[in-house]
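A.B. asks: Questions regarding the structure given below will be posed in turn.
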4 protein chains.
Amino acid sequence: MNSDTNVLKTLQAINQSAAFNAWAGITISKADSSEVELQLPWRQELGQYSGFLHAGVVGAMLDTACGFAAAANTGKRVLASHYSVSMVAPAIGEMFIARGKVVKAGKRQIFTTAELYSVNDGQTKLVAIGETILMPADE
Amino acid sequence: MNSDTNVLKTLQAINQSAAFNAWAGITISKADSSEVELQLPWRQELGQYSGFLHAGVVGAMLDTACGFAAAANTGKRVLASHYSVSMVAPAIGEMFIARGKVVKAGKRQIFTTAELYSVNDGQTKLVAIGETILMPADE
Amino acid sequence: MNSDTNVLKTLQAINQSAAFNAWAGITISKADSSEVELQLPWRQELGQYSGFLHAGVVGAMLDTACGFAAAANTGKRVLASHYSVSMVAPAIGEMFIARGKVVKAGKRQIFTTAELYSVNDGQTKLVAIGETILMPADE
Amino acid sequence: MNSDTNVLKTLQAINQSAAFNAWAGITISKADSSEVELQLPWRQELGQYSGFLHAGVVGAMLDTACGFAAAANTGKRVLASHYSVSMVAPAIGEMFIARGKVVKAGKRQIFTTAELYSVNDGQTKLVAIGETILMPADE
């Protein structure tokens with residue numbers, strides 16, 4: 001538990017140094033070596049033309065959850081080389097929660113997946129799934 | 001040319017109604033039925049922890065270029081159901097340019113691809129490629 | 001249970017009518033509305049140049065597991081419009097097992113994911129993950 | 001031209017050592033450092049349940065074209081770590097042609113894209129697009 005607390009604090013420090021995450025309002029609500037959870041309250045600036053969460057922000061949440069999960073799992077700085085996003089339901093909500101986890105951490109590539117949920121009146125709903133392939137930043 | 005001017009104006013109006021695009025600073029520099037080009041000047045708030053363009057913003061540029069290309073080509077409002085992004089070089093630049101085009105516009109799905117370039121001292125460099133699958137919004 | 005038996009029999013009949021699956025030796029070992037499991041014994045003809053299971057066959061197993069999971073879940077004939085494959089470990093084994101499940105069955109698109117395992121001396125190991133987007137065949 | 005002839009011969013030798021490619025009937029019709037072209041005549045065993053080219057074989061053609069393009073471009077043995085396939089039209093034909101090219105050959109990852117065409121009565125039609133990320137096999 002102590003080490004998980006350290007993992008969380010380390011990731012929160014990195015998260016604050018990521019200007020986009022700070023602007024968007026992404027916070028880390030949980031983190032250990034098996035899963036990282038992010039939260040993002042809805043606001044107008046995050047929307048596309050019809051008021052859904054912008055697909056780019058959907059991708060940012062999924063990719064960031066994956067990246068932090070990879071960092072938590074490997075203890076290394078990582079860079080995404082590929083990610084994909086599937087929008088399975090309209091991304092409408094007061095709040096969004098992303099959960100990322102590591103599928104396989106190899107020496108050269110780290111494979112991760114993530115899910116994005118909307119929260120409306122306390123109801124949680126899956127709105128997107130994604131995956132990211134990362135590489136250690138300083139190999 | 002007249003119709004292309006109309007396409008450009010229509011897309012620019014939609015772009016202004018997309019709050020995220022307005023905040024980020026995404027503008028449409030060219031648009032016709034075969035290709036759409038977007039521009040995004042670099043600023044601090046668009047970066048991840050090491051100062052590259054955030055992967056989510058890379059995705060936003062590619063997905064937005066694809067979405068506008070699909071809208072320009074089909075004349076319909078569209079929604080992304082899937083997209084993927086490959087980061088082929090560090091996304092560092094004073095300016096970023098995305099070009100999206102339609103590969104195949106079917107009745108139920110529109111397949112598109114896009115490329116993202118960085119601009120540094122007038123030098124243009126490919127930094128990411130991506131693809132988006134879209135559906136007509138109001139089928 | 002009775003209905004799951006029917007699901008299994010229906011899918012096995014479809015599987016036999018798929019010439020590639022019959023040639024490759026793909027069989028359905030389990031099927032219900034939440035998951036479908038396929039088996040494929042290794043043989044020489046399934047390999048690429050260094051003796052691993054060919055990436056195309058890895059994709060065939062994942063995509064087929066996804067397709068049957070979608071068919072089992074929705075009761076409809078389906079066609080894949082997109083799939084992706086991540087190879088997380090060398091695909092070497094005496095036998096391969098794929099498990100596909102439905103993430104979200106919408107009216108126009110069905111989102112599915114799958115995992116591929118190798119079996120060696122009774123040891124099971126994750127070698128690939130994938131996802132498929134399907135559409136009802138006769139909408 | 002001499003070096004391109006050598007590239008073609010080298011790839012054809014590798015292709016013959018890939019048991020799946022030999023069984024399926026995949027041949028290399030062109031190869032140089034910028035593009036590789038494959039051909040595959042239709043036969044029954046390559047089909048899925050409704051007689052289209054099986055999605056796994058579509059993926060095999062795209063991934064193989066990408067892999068050979070990466071090998072031709074870099075002169076190294078390569079392994080696919082990720083690929084994706086979008087089926088843009090029904091894959092029905094007497095013959096299929098895949099063309100793969102390298103988008104960016106980095107030290108650790110090689111990014112490639114490919115297109116698959118059907119041929120019917122001399123008419124060529126785009127039926128699928130895809131991309132593969134490869135790694136040098138023996139880094």
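A note on labels: chains of the structure tokens are A, B, ... as shown, every chain counts residues from 1, and ligands are counted from 1 in their shown order.
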Give the residues of chain C that lie within 7 Å of chain D; count only C-alpha atoms, and format the answer as a PyMOL selection string.

C.D. replies: chain C and resi 14+17-20+23+44-49+54-57+59-60+81-87

A.B. asks: List every residue of stretch 37-75 of chain A that DSSP, applied to the backbone of this structure, assigns to alpha helix (DSSP H), and report them as a count of residues only.

C.D. replies: 20

A.B. asks: Give the strand (DSSP E or B) residues of stretch 18-123 of chain C, as assigned by DSSP on the backbone, as a ChimeraX atom specification.

C.D. replies: /C:27-31,36-41,47,53,78-87,95-105,110-120,123

A.B. asks: With a distance cut-off of 9 Å and only C-alpha atoms, select the neighbouring residues of B:Leu38, excluding the residue or stretch itself and same-chain residues fewer than 6 positions from it, and output the selection as a PyMOL selection string.

C.D. replies: chain B and resi 26-31+61+64-65+96-100

A.B. asks: Take the residues from that selection and put them in a file with N, CA, C and O atoms, as a CSV table (one decimal), in the first residue's frame.

C.D. replies:
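Okay, result.csv is ready:
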```csv
chain,number,residue,atom,x,y,z
B,26,ILE,N,-7.5,25.2,-33.6
B,26,ILE,CA,-7.6,24.5,-34.8
B,26,ILE,C,-8.3,25.3,-35.9
B,26,ILE,O,-9.5,25.7,-35.6
B,27,THR,N,-7.7,25.6,-37.0
B,27,THR,CA,-8.4,26.3,-38.1
B,27,THR,C,-8.3,25.4,-39.4
B,27,THR,O,-7.5,24.6,-39.5
B,28,ILE,N,-9.2,25.7,-40.3
B,28,ILE,CA,-9.3,25.0,-41.6
B,28,ILE,C,-8.7,25.8,-42.6
B,28,ILE,O,-9.1,26.9,-42.9
B,29,SER,N,-7.6,25.4,-43.2
B,29,SER,CA,-6.9,26.2,-44.2
B,29,SER,C,-7.3,25.8,-45.6
B,29,SER,O,-7.1,26.7,-46.5
B,30,LYS,N,-7.8,24.6,-45.9
B,30,LYS,CA,-8.2,24.2,-47.2
B,30,LYS,C,-9.3,23.2,-47.1
B,30,LYS,O,-9.3,22.4,-46.1
B,31,ALA,N,-10.2,23.1,-48.0
B,31,ALA,CA,-11.2,22.1,-48.0
B,31,ALA,C,-11.9,22.0,-49.4
B,31,ALA,O,-12.3,23.0,-49.9
B,61,MET,N,-6.3,16.2,-34.0
B,61,MET,CA,-6.0,16.8,-35.3
B,61,MET,C,-6.3,15.8,-36.4
B,61,MET,O,-7.0,16.2,-37.4
B,64,THR,N,-10.1,15.0,-36.5
B,64,THR,CA,-10.9,16.2,-37.0
B,64,THR,C,-10.7,16.4,-38.5
B,64,THR,O,-11.7,16.7,-39.3
B,65,ALA,N,-9.5,16.2,-39.0
B,65,ALA,CA,-9.2,16.3,-40.4
B,65,ALA,C,-10.0,15.2,-41.2
B,65,ALA,O,-10.6,15.5,-42.2
B,96,PHE,N,1.5,22.8,-36.6
B,96,PHE,CA,1.1,21.5,-37.1
B,96,PHE,C,0.1,21.6,-38.2
B,96,PHE,O,-0.8,22.4,-38.1
B,97,ILE,N,0.2,20.7,-39.2
B,97,ILE,CA,-0.7,20.7,-40.3
B,97,ILE,C,-1.2,19.3,-40.5
B,97,ILE,O,-0.4,18.4,-40.5
B,98,ALA,N,-2.5,19.1,-40.5
B,98,ALA,CA,-3.1,17.8,-40.7
B,98,ALA,C,-3.9,17.8,-42.1
B,98,ALA,O,-4.5,18.8,-42.4
B,99,ARG,N,-3.7,16.7,-42.8
B,99,ARG,CA,-4.4,16.6,-44.1
B,99,ARG,C,-5.2,15.3,-44.0
B,99,ARG,O,-4.6,14.2,-43.8
B,100,GLY,N,-6.5,15.4,-44.2
B,100,GLY,CA,-7.4,14.2,-44.2
B,100,GLY,C,-8.0,14.0,-45.6
B,100,GLY,O,-8.3,15.0,-46.3
```

A.B. asks: Hey, can you check how far atom CA of B:Asp4 sits from atom CA of B:Asp32?

C.D. replies: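 Between atom CA of B:Asp4 and atom CA of B:Asp32 the gap works out to 5.0 Å.
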
A.B. asks: Kindly give the distance, in Å, that separates atom CA of A:Gly93 and atom CA of A:Trp42, rounded to a single decimal.

C.D. replies: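 Answer for the atom CA of A:Gly93 to atom CA of A:Trp42 separation: 6.6 Å.
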